[in-house]
Amino acid sequence: MGAVTVDRLGFRYQPAAGEVLKNISFTLEKGEIAALLGLSGCGKSTLCLCLGGIIPHLLGGEMTGRVLINGKDTKDYKVAQLALEVGLVFQDPDTQLFLPTVEDEIAFAPENLCLPVAEVAARVNNVLEHLGIDDLRYANPNNLSGGQKQLVAMGAVLALDPGVLVLDEAMAQLDQDAKIKINDILCDLRRRGKTILIVEHDLENVSIADRVLILENGLLIRDGQASGVLGEREFLIRHKLKFEEEPGMDR
Ligand SMILES: Nc1ncnc2c1ncn2[C@@H]1O[C@H](COP(=O)(O)OP(=O)(O)O)[C@@H](O)[C@H]1O
Ligand SMILES: [Mg+2]
């Protein structure tokens, strides 16, 4: 059994509307980094919402098929319970940060689980150290750079120690240094056995992926080893994920 199993998943936002996800099946193994690629509007964020159980629990719409996280069918668990299994990080960290200090932000979810005070403190310390942001402990998240905010948003999710981490275009607004730093952290999380899905609308940022999944208009059109899929130049150009190099570019 995989860490994430998506089994014939279909979804439409309204009964009369078209299907945004169409009969999608794939499995992610423990300790694997997969990239989910596809043009804007192809259904990537909708799939992320399904992985976190926000669909079907908090959004309406019609879902068919199943999503299992570590064997747990998302239909049978509350979103708060699923947050212990799968952490979602979105593009805009401002939507995820709302407390006065970085420390409060990272302590929030474990405190809500009513973990003992010492356990909460240990988790906060671990996360701050692991992400290299201990010096920001008492900072107000509002005053941080985009890259720092995204690290705090990741920290808030990692404090629950989920086995699966999903980053929905989480690096889109970050500079190169911040992207490199986050990629290093993701590789370290992979070594610790976490399963990671990096969602991106282009081929940037996916250099660390073991697997590549490609979504087009709600259909999964490719699922393979990154080395194979990323080498399929003609296929990637045909599906607008890569552009023909302009003459003279590769001198
Ligand atoms: N809340 C919503 N209600 C209705 N349609 C939506 C909603 N969110 C997204 N969609 C539609 O679903 C499709 C897939 O969107 P999305 O999953 O956000 O794609 P991506 O993340 O790949 O850009 C798009 O056609 C989008 O307009
Ligand atoms: Mg999206």
# chains A, B, ... in the order shown; residues from 1 in each chain; ligands from 1

$ residues_around --residues "stretch 63-77 of chain A" --least-positions-apart "4" --cutoff "10 Å" --atoms "only C-alpha atoms" --output "mmCIF file with N, CA and C atoms, in the first residue's frame"
data_model
loop_
_atom_site.group_PDB
_atom_site.id
_atom_site.type_symbol
_atom_site.label_atom_id
_atom_site.label_comp_id
_atom_site.auth_asym_id
_atom_site.auth_seq_id
_atom_site.Cartn_x
_atom_site.Cartn_y
_atom_site.Cartn_z
ATOM 1 N N MET A 1 0.839 -1.206 0.000
ATOM 2 C CA MET A 1 0.000 0.000 0.000
ATOM 3 C C MET A 1 0.874 1.256 0.000
ATOM 4 N N GLY A 2 0.522 2.216 -0.850
ATOM 5 C CA GLY A 2 1.313 3.441 -0.920
ATOM 6 C C GLY A 2 0.974 4.404 0.199
ATOM 7 N N ALA A 3 1.788 5.452 0.314
ATOM 8 C CA ALA A 3 1.497 6.507 1.284
ATOM 9 C C ALA A 3 0.268 7.290 0.830
ATOM 10 N N VAL A 4 0.151 7.452 -0.486
ATOM 11 C CA VAL A 4 -1.019 8.117 -1.074
ATOM 12 C C VAL A 4 -1.537 7.223 -2.187
ATOM 13 N N THR A 5 -2.818 6.891 -2.117
ATOM 14 C CA THR A 5 -3.432 6.135 -3.213
ATOM 15 C C THR A 5 -4.636 6.918 -3.713
ATOM 16 N N VAL A 6 -4.588 7.277 -4.970
ATOM 17 C CA VAL A 6 -5.717 7.953 -5.606
ATOM 18 C C VAL A 6 -6.308 6.936 -6.575
ATOM 19 N N ASP A 7 -7.583 6.625 -6.372
ATOM 20 C CA ASP A 7 -8.186 5.501 -7.075
ATOM 21 C C ASP A 7 -9.423 5.965 -7.853
ATOM 22 N N ARG A 8 -9.284 6.078 -9.144
ATOM 23 C CA ARG A 8 -10.389 6.467 -10.051
ATOM 24 C C ARG A 8 -11.103 7.730 -9.542
ATOM 25 N N LEU A 9 -10.311 8.721 -9.195
ATOM 26 C CA LEU A 9 -10.862 9.963 -8.632
ATOM 27 C C LEU A 9 -11.466 10.846 -9.721
ATOM 28 N N GLY A 10 -12.704 11.231 -9.477
ATOM 29 C CA GLY A 10 -13.367 12.190 -10.359
ATOM 30 C C GLY A 10 -13.962 13.292 -9.499
ATOM 31 N N PHE A 11 -14.051 14.503 -10.074
ATOM 32 C CA PHE A 11 -14.671 15.590 -9.296
ATOM 33 C C PHE A 11 -15.254 16.644 -10.212
ATOM 34 N N ARG A 12 -16.438 17.130 -9.834
ATOM 35 C CA ARG A 12 -17.000 18.321 -10.481
ATOM 36 C C ARG A 12 -17.487 19.265 -9.385
ATOM 37 N N TYR A 13 -17.301 20.581 -9.599
ATOM 38 C CA TYR A 13 -17.671 21.555 -8.566
ATOM 39 C C TYR A 13 -19.190 21.696 -8.455
ATOM 40 N N PRO A 15 -23.017 19.902 -9.943
ATOM 41 C CA PRO A 15 -23.540 18.719 -10.623
ATOM 42 C C PRO A 15 -23.619 18.900 -12.144
ATOM 43 N N GLU A 19 -16.439 17.784 -15.571
ATOM 44 C CA GLU A 19 -15.532 17.172 -14.599
ATOM 45 C C GLU A 19 -14.187 17.883 -14.625
ATOM 46 N N LEU A 21 -11.681 16.785 -12.500
ATOM 47 C CA LEU A 21 -10.765 15.636 -12.389
ATOM 48 C C LEU A 21 -11.489 14.440 -12.996
ATOM 49 N N LYS A 22 -10.753 13.709 -13.840
ATOM 50 C CA LYS A 22 -11.398 12.645 -14.618
ATOM 51 C C LYS A 22 -10.717 11.299 -14.394
ATOM 52 N N ASN A 23 -11.302 10.483 -13.537
ATOM 53 C CA ASN A 23 -10.865 9.089 -13.403
ATOM 54 C C ASN A 23 -9.357 8.958 -13.179
ATOM 55 N N ILE A 24 -8.864 9.694 -12.181
ATOM 56 C CA ILE A 24 -7.414 9.727 -11.933
ATOM 57 C C ILE A 24 -7.002 8.633 -10.951
ATOM 58 N N SER A 25 -5.964 7.889 -11.307
ATOM 59 C CA SER A 25 -5.415 6.872 -10.404
ATOM 60 C C SER A 25 -3.894 6.978 -10.372
ATOM 61 N N PHE A 26 -3.327 7.003 -9.184
ATOM 62 C CA PHE A 26 -1.875 6.885 -9.025
ATOM 63 C C PHE A 26 -1.571 6.576 -7.568
ATOM 64 N N THR A 27 -0.344 6.143 -7.337
ATOM 65 C CA THR A 27 0.087 5.829 -5.976
ATOM 66 C C THR A 27 1.434 6.494 -5.729
ATOM 67 N N LEU A 28 1.607 7.081 -4.564
ATOM 68 C CA LEU A 28 2.911 7.617 -4.172
ATOM 69 C C LEU A 28 3.446 6.765 -3.026
ATOM 70 N N GLU A 29 4.703 6.370 -3.152
ATOM 71 C CA GLU A 29 5.300 5.524 -2.121
ATOM 72 C C GLU A 29 5.906 6.388 -1.015
ATOM 73 N N LYS A 30 6.065 5.779 0.133
ATOM 74 C CA LYS A 30 6.728 6.450 1.258
ATOM 75 C C LYS A 30 8.160 6.823 0.855
ATOM 76 N N LEU A 47 -7.012 18.743 -7.076
ATOM 77 C CA LEU A 47 -6.470 17.456 -6.618
ATOM 78 C C LEU A 47 -5.844 17.597 -5.226
ATOM 79 N N CYS A 50 -8.437 17.510 -2.665
ATOM 80 C CA CYS A 50 -8.901 16.127 -2.448
ATOM 81 C C CYS A 50 -7.928 15.384 -1.542
ATOM 82 N N LEU A 51 -6.633 15.622 -1.699
ATOM 83 C CA LEU A 51 -5.650 14.909 -0.871
ATOM 84 C C LEU A 51 -5.798 15.301 0.598
ATOM 85 N N GLY A 52 -6.148 16.564 0.855
ATOM 86 C CA GLY A 52 -6.291 17.025 2.239
ATOM 87 C C GLY A 52 -7.677 16.782 2.809
ATOM 88 N N GLY A 53 -8.588 16.249 2.004
ATOM 89 C CA GLY A 53 -9.943 15.970 2.484
ATOM 90 C C GLY A 53 -10.853 17.194 2.500
ATOM 91 N N ILE A 54 -10.336 18.339 2.035
ATOM 92 C CA ILE A 54 -11.160 19.557 1.978
ATOM 93 C C ILE A 54 -12.301 19.285 0.998
ATOM 94 N N ILE A 55 -11.954 18.548 -0.060
ATOM 95 C CA ILE A 55 -12.961 17.871 -0.886
ATOM 96 C C ILE A 55 -12.934 16.409 -0.436
ATOM 97 N N PRO A 56 -14.021 15.824 0.008
ATOM 98 C CA PRO A 56 -15.407 16.285 -0.082
ATOM 99 C C PRO A 56 -15.940 16.977 1.182
ATOM 100 N N HIS A 57 -15.136 17.143 2.244
ATOM 101 C CA HIS A 57 -15.745 17.545 3.512
ATOM 102 C C HIS A 57 -16.151 19.013 3.593
ATOM 103 N N GLN A 81 -8.398 15.468 11.379
ATOM 104 C CA GLN A 81 -7.692 14.183 11.553
ATOM 105 C C GLN A 81 -6.734 13.951 10.382
ATOM 106 N N LEU A 82 -7.184 14.335 9.193
ATOM 107 C CA LEU A 82 -6.336 14.141 8.011
ATOM 108 C C LEU A 82 -5.108 15.041 8.052
ATOM 109 N N ALA A 83 -5.213 16.175 8.765
ATOM 110 C CA ALA A 83 -4.072 17.092 8.861
ATOM 111 C C ALA A 83 -2.879 16.435 9.566
ATOM 112 N N GLU A 85 -2.008 13.472 8.840
ATOM 113 C CA GLU A 85 -1.465 12.561 7.832
ATOM 114 C C GLU A 85 -0.887 13.307 6.641
ATOM 115 N N VAL A 86 -1.523 14.431 6.296
ATOM 116 C CA VAL A 86 -1.103 15.148 5.090
ATOM 117 C C VAL A 86 -1.121 16.653 5.344
ATOM 118 N N GLY A 163 2.946 12.433 7.463
ATOM 119 C CA GLY A 163 3.784 11.578 6.611
ATOM 120 C C GLY A 163 3.856 12.082 5.182
ATOM 121 N N VAL A 164 2.851 12.881 4.802
ATOM 122 C CA VAL A 164 2.750 13.365 3.426
ATOM 123 C C VAL A 164 2.721 14.891 3.433
#

$ closest_atom_pairs --of "chain A" --to "ligand 1" --cutoff "9 Å" --atoms "only C-alpha atoms and all ligand atoms" --output "JSON lines"
{"residue": "A:Arg12", "atom": "CA", "partner": "ligand 1", "partner_atom_place_in_ligand_line": "5 (N)", "distance": 7.8}
{"residue": "A:Tyr13", "atom": "CA", "partner": "ligand 1", "partner_atom_place_in_ligand_line": "4 (C)", "distance": 5.0}
{"residue": "A:Gln14", "atom": "CA", "partner": "ligand 1", "partner_atom_place_in_ligand_line": "4 (C)", "distance": 7.1}
{"residue": "A:Ala17", "atom": "CA", "partner": "ligand 1", "partner_atom_place_in_ligand_line": "5 (N)", "distance": 8.3}
{"residue": "A:Gly18", "atom": "CA", "partner": "ligand 1", "partner_atom_place_in_ligand_line": "25 (O)", "distance": 8.8}
{"residue": "A:Glu19", "atom": "CA", "partner": "ligand 1", "partner_atom_place_in_ligand_line": "12 (O)", "distance": 8.3}
{"residue": "A:Val20", "atom": "CA", "partner": "ligand 1", "partner_atom_place_in_ligand_line": "13 (C)", "distance": 5.3}
{"residue": "A:Leu21", "atom": "CA", "partner": "ligand 1", "partner_atom_place_in_ligand_line": "14 (C)", "distance": 8.0}
{"residue": "A:Leu37", "atom": "CA", "partner": "ligand 1", "partner_atom_place_in_ligand_line": "22 (O)", "distance": 8.3}
{"residue": "A:Gly38", "atom": "CA", "partner": "ligand 1", "partner_atom_place_in_ligand_line": "22 (O)", "distance": 6.2}
{"residue": "A:Leu39", "atom": "CA", "partner": "ligand 1", "partner_atom_place_in_ligand_line": "22 (O)", "distance": 6.0}
{"residue": "A:Ser40", "atom": "CA", "partner": "ligand 1", "partner_atom_place_in_ligand_line": "23 (O)", "distance": 3.7}
{"residue": "A:Gly41", "atom": "CA", "partner": "ligand 1", "partner_atom_place_in_ligand_line": "23 (O)", "distance": 3.4}
{"residue": "A:Cys42", "atom": "CA", "partner": "ligand 1", "partner_atom_place_in_ligand_line": "22 (O)", "distance": 4.0}
{"residue": "A:Gly43", "atom": "CA", "partner": "ligand 1", "partner_atom_place_in_ligand_line": "17 (O)", "distance": 3.3}
{"residue": "A:Lys44", "atom": "CA", "partner": "ligand 1", "partner_atom_place_in_ligand_line": "22 (O)", "distance": 3.7}
{"residue": "A:Ser45", "atom": "CA", "partner": "ligand 1", "partner_atom_place_in_ligand_line": "21 (O)", "distance": 3.6}
{"residue": "A:Thr46", "atom": "CA", "partner": "ligand 1", "partner_atom_place_in_ligand_line": "17 (O)", "distance": 3.7}
{"residue": "A:Leu47", "atom": "CA", "partner": "ligand 1", "partner_atom_place_in_ligand_line": "17 (O)", "distance": 6.5}
{"residue": "A:Cys48", "atom": "CA", "partner": "ligand 1", "partner_atom_place_in_ligand_line": "17 (O)", "distance": 8.0}
{"residue": "A:Leu49", "atom": "CA", "partner": "ligand 1", "partner_atom_place_in_ligand_line": "17 (O)", "distance": 8.4}
{"residue": "A:Leu59", "atom": "CA", "partner": "ligand 1", "partner_atom_place_in_ligand_line": "1 (N)", "distance": 7.9}
{"residue": "A:Gly60", "atom": "CA", "partner": "ligand 1", "partner_atom_place_in_ligand_line": "1 (N)", "distance": 8.9}
{"residue": "A:Gly61", "atom": "CA", "partner": "ligand 1", "partner_atom_place_in_ligand_line": "3 (N)", "distance": 8.5}
{"residue": "A:Asp168", "atom": "CA", "partner": "ligand 1", "partner_atom_place_in_ligand_line": "21 (O)", "distance": 7.8}
{"residue": "A:Glu169", "atom": "CA", "partner": "ligand 1", "partner_atom_place_in_ligand_line": "21 (O)", "distance": 8.5}
{"residue": "A:Val199", "atom": "CA", "partner": "ligand 1", "partner_atom_place_in_ligand_line": "21 (O)", "distance": 8.5}
{"residue": "A:Glu200", "atom": "CA", "partner": "ligand 1", "partner_atom_place_in_ligand_line": "22 (O)", "distance": 8.5}
{"residue": "A:His201", "atom": "CA", "partner": "ligand 1", "partner_atom_place_in_ligand_line": "22 (O)", "distance": 7.2}
{"residue": "A:Leu215", "atom": "CA", "partner": "ligand 1", "partner_atom_place_in_ligand_line": "22 (O)", "distance": 8.0}
{"residue": "A:Glu216", "atom": "CA", "partner": "ligand 1", "partner_atom_place_in_ligand_line": "22 (O)", "distance": 8.5}
{"residue": "A:Asn217", "atom": "CA", "partner": "ligand 1", "partner_atom_place_in_ligand_line": "14 (C)", "distance": 7.9}
{"residue": "A:Gly218", "atom": "CA", "partner": "ligand 1", "partner_atom_place_in_ligand_line": "14 (C)", "distance": 7.5}

$ write_last_selection --atoms "N, CA and C atoms" --output "short mmCIF file (atom, residue, chain, number, x, y, z; two decimals), in the first residue's frame"
data_model
loop_
_atom_site.label_atom_id
_atom_site.label_comp_id
_atom_site.auth_asym_id
_atom_site.auth_seq_id
_atom_site.Cartn_x
_atom_site.Cartn_y
_atom_site.Cartn_z
N ARG A 12 -16.44 17.13 -9.83
CA ARG A 12 -17.00 18.32 -10.48
C ARG A 12 -17.49 19.26 -9.38
N TYR A 13 -17.30 20.58 -9.60
CA TYR A 13 -17.67 21.55 -8.57
C TYR A 13 -19.19 21.70 -8.45
N GLN A 14 -19.88 21.58 -9.61
CA GLN A 14 -21.34 21.62 -9.58
C GLN A 14 -21.86 20.41 -10.36
N ALA A 17 -21.85 21.00 -13.94
CA ALA A 17 -20.60 21.46 -14.57
C ALA A 17 -19.77 20.27 -15.05
N GLY A 18 -18.77 20.57 -15.87
CA GLY A 18 -17.90 19.51 -16.40
C GLY A 18 -16.99 18.96 -15.31
N GLU A 19 -16.44 17.78 -15.57
CA GLU A 19 -15.53 17.17 -14.60
C GLU A 19 -14.19 17.88 -14.63
N VAL A 20 -13.73 18.29 -13.45
CA VAL A 20 -12.43 18.96 -13.32
C VAL A 20 -11.33 17.91 -13.13
N LEU A 21 -11.68 16.78 -12.50
CA LEU A 21 -10.76 15.64 -12.39
C LEU A 21 -11.49 14.44 -13.00
N LEU A 37 2.65 18.20 -12.54
CA LEU A 37 2.78 19.32 -13.46
C LEU A 37 1.53 19.45 -14.32
N GLY A 38 1.26 20.66 -14.75
CA GLY A 38 0.14 20.87 -15.66
C GLY A 38 -0.14 22.35 -15.78
N LEU A 39 -0.72 22.73 -16.91
CA LEU A 39 -0.99 24.14 -17.15
C LEU A 39 -2.03 24.66 -16.16
N SER A 40 -2.06 25.97 -16.03
CA SER A 40 -3.02 26.62 -15.15
C SER A 40 -4.45 26.17 -15.51
N GLY A 41 -5.23 25.81 -14.50
CA GLY A 41 -6.63 25.43 -14.74
C GLY A 41 -6.84 23.96 -15.02
N CYS A 42 -5.77 23.15 -15.02
CA CYS A 42 -5.93 21.73 -15.39
C CYS A 42 -6.46 20.88 -14.24
N GLY A 43 -6.49 21.45 -13.01
CA GLY A 43 -7.07 20.68 -11.90
C GLY A 43 -6.10 20.36 -10.77
N LYS A 44 -4.90 20.93 -10.81
CA LYS A 44 -3.88 20.59 -9.80
C LYS A 44 -4.34 20.94 -8.38
N SER A 45 -4.81 22.18 -8.20
CA SER A 45 -5.21 22.60 -6.84
C SER A 45 -6.42 21.80 -6.36
N THR A 46 -7.31 21.48 -7.28
CA THR A 46 -8.48 20.67 -6.92
C THR A 46 -8.01 19.31 -6.41
N LEU A 47 -7.01 18.74 -7.08
CA LEU A 47 -6.47 17.46 -6.62
C LEU A 47 -5.84 17.60 -5.23
N CYS A 48 -5.14 18.72 -4.99
CA CYS A 48 -4.56 18.95 -3.66
C CYS A 48 -5.66 19.00 -2.59
N LEU A 49 -6.77 19.66 -2.92
CA LEU A 49 -7.88 19.76 -1.96
C LEU A 49 -8.46 18.37 -1.67
N LEU A 59 -15.94 21.45 0.85
CA LEU A 59 -16.47 22.03 -0.38
C LEU A 59 -17.59 21.11 -0.87
N GLY A 60 -18.54 21.70 -1.54
CA GLY A 60 -19.59 20.86 -2.14
C GLY A 60 -19.05 20.12 -3.34
N GLY A 61 -19.88 19.92 -4.31
CA GLY A 61 -19.42 19.25 -5.52
C GLY A 61 -19.62 17.76 -5.45
N ASP A 168 1.45 23.22 -3.01
CA ASP A 168 0.71 23.66 -4.20
C ASP A 168 1.29 24.99 -4.70
N GLU A 169 2.17 24.90 -5.66
CA GLU A 169 2.87 26.07 -6.22
C GLU A 169 3.45 26.95 -5.11
N VAL A 199 3.66 20.53 -6.50
CA VAL A 199 2.77 20.90 -7.60
C VAL A 199 3.28 22.17 -8.25
N GLU A 200 3.47 22.12 -9.55
CA GLU A 200 4.00 23.29 -10.26
C GLU A 200 3.35 23.38 -11.63
N HIS A 201 3.26 24.60 -12.19
CA HIS A 201 2.67 24.69 -13.53
C HIS A 201 3.73 24.67 -14.62
N LEU A 215 -0.81 16.42 -15.53
CA LEU A 215 -2.27 16.55 -15.59
C LEU A 215 -2.60 17.48 -16.76
N GLU A 216 -3.60 17.10 -17.53
CA GLU A 216 -4.06 17.99 -18.62
C GLU A 216 -5.57 17.92 -18.66
N ASN A 217 -6.21 19.07 -18.51
CA ASN A 217 -7.68 19.13 -18.52
C ASN A 217 -8.31 18.04 -17.64
N GLY A 218 -7.75 17.84 -16.46
CA GLY A 218 -8.33 16.90 -15.52
C GLY A 218 -7.96 15.44 -15.74
#

$ select_by_dssp --residues "stretch 25-242 of chain A" --states "alpha helix (DSSP H)" --output "PyMOL selection string"
chain A and resi 44-51+54-57+79-82+102-112+117-131+146-158+176-191+226-229+233-238

$ select_by_dssp --residues "stretch 132-207 of chain A" --states "strand (DSSP E)" --output "list in words"
Val164, Leu165, Val166, Leu167, Asp168, Thr195, Ile196, Leu197, Ile198, Val199 and Glu200 of chain A

$ write_last_selection --atoms "N, CA and C atoms" --output "short mmCIF file (atom, residue, chain, number, x, y, z; two decimals), in the first residue's frame"
data_model
loop_
_atom_site.label_atom_id
_atom_site.label_comp_id
_atom_site.auth_asym_id
_atom_site.auth_seq_id
_atom_site.Cartn_x
_atom_site.Cartn_y
_atom_site.Cartn_z
N VAL A 164 2.85 12.88 4.80
CA VAL A 164 2.75 13.36 3.43
C VAL A 164 2.72 14.89 3.43
N LEU A 165 3.49 15.50 2.55
CA LEU A 165 3.52 16.95 2.43
C LEU A 165 3.19 17.32 0.98
N VAL A 166 2.23 18.25 0.82
CA VAL A 166 1.82 18.68 -0.53
C VAL A 166 2.09 20.17 -0.65
N LEU A 167 2.88 20.57 -1.64
CA LEU A 167 3.18 21.99 -1.84
C LEU A 167 2.54 22.44 -3.14
N ASP A 168 1.45 23.22 -3.01
CA ASP A 168 0.71 23.66 -4.20
C ASP A 168 1.29 24.99 -4.70
N THR A 195 6.69 11.54 2.32
CA THR A 195 6.26 11.51 0.92
C THR A 195 5.88 12.94 0.54
N ILE A 196 6.40 13.41 -0.59
CA ILE A 196 6.21 14.82 -0.92
C ILE A 196 5.67 14.96 -2.34
N LEU A 197 4.63 15.79 -2.47
CA LEU A 197 4.10 16.11 -3.80
C LEU A 197 4.34 17.60 -4.05
N ILE A 198 5.15 17.88 -5.06
CA ILE A 198 5.44 19.27 -5.43
C ILE A 198 4.58 19.59 -6.65
N VAL A 199 3.66 20.53 -6.50
CA VAL A 199 2.77 20.90 -7.60
C VAL A 199 3.28 22.17 -8.25
N GLU A 200 3.47 22.12 -9.55
CA GLU A 200 4.00 23.29 -10.26
C GLU A 200 3.35 23.38 -11.63
#

$ residues_around --residues "stretch 181-194 of chain A" --least-positions-apart "4" --cutoff "10 Å" --atoms "only C-alpha atoms" --output "PyMOL selection string"
chain A and resi 3+29-33+130-132+147+150-151+154+158+161-165+170-171+174+176-177+198+205-209

$ atom_distance --atom1 "atom CA of A:Lys149" --atom2 "atom CA of A:Asn126"
17.5 Å

$ closest_residue --among "A:Lys78, A:Tyr138, A:Leu144, A:Gln91" --to "ligand 2" --atoms "only C-alpha atoms and all ligand atoms"
A:Gln91

$ closest_residue --among "A:Asp202, A:Lys242, A:Ala159, A:Glu111" --to "ligand 2" --atoms "only C-alpha atoms and all ligand atoms"
A:Asp202

$ closest_residue --among "A:Leu97, A:Ala109, A:Ala172, A:Leu136" --to "ligand 2" --atoms "only C-alpha atoms and all ligand atoms"
A:Ala172

$ closest_residue --among "A:Ala34, A:Leu230, A:Val152, A:Ala178" --to "A:Glu129" --atoms "only C-alpha atoms"
A:Val152
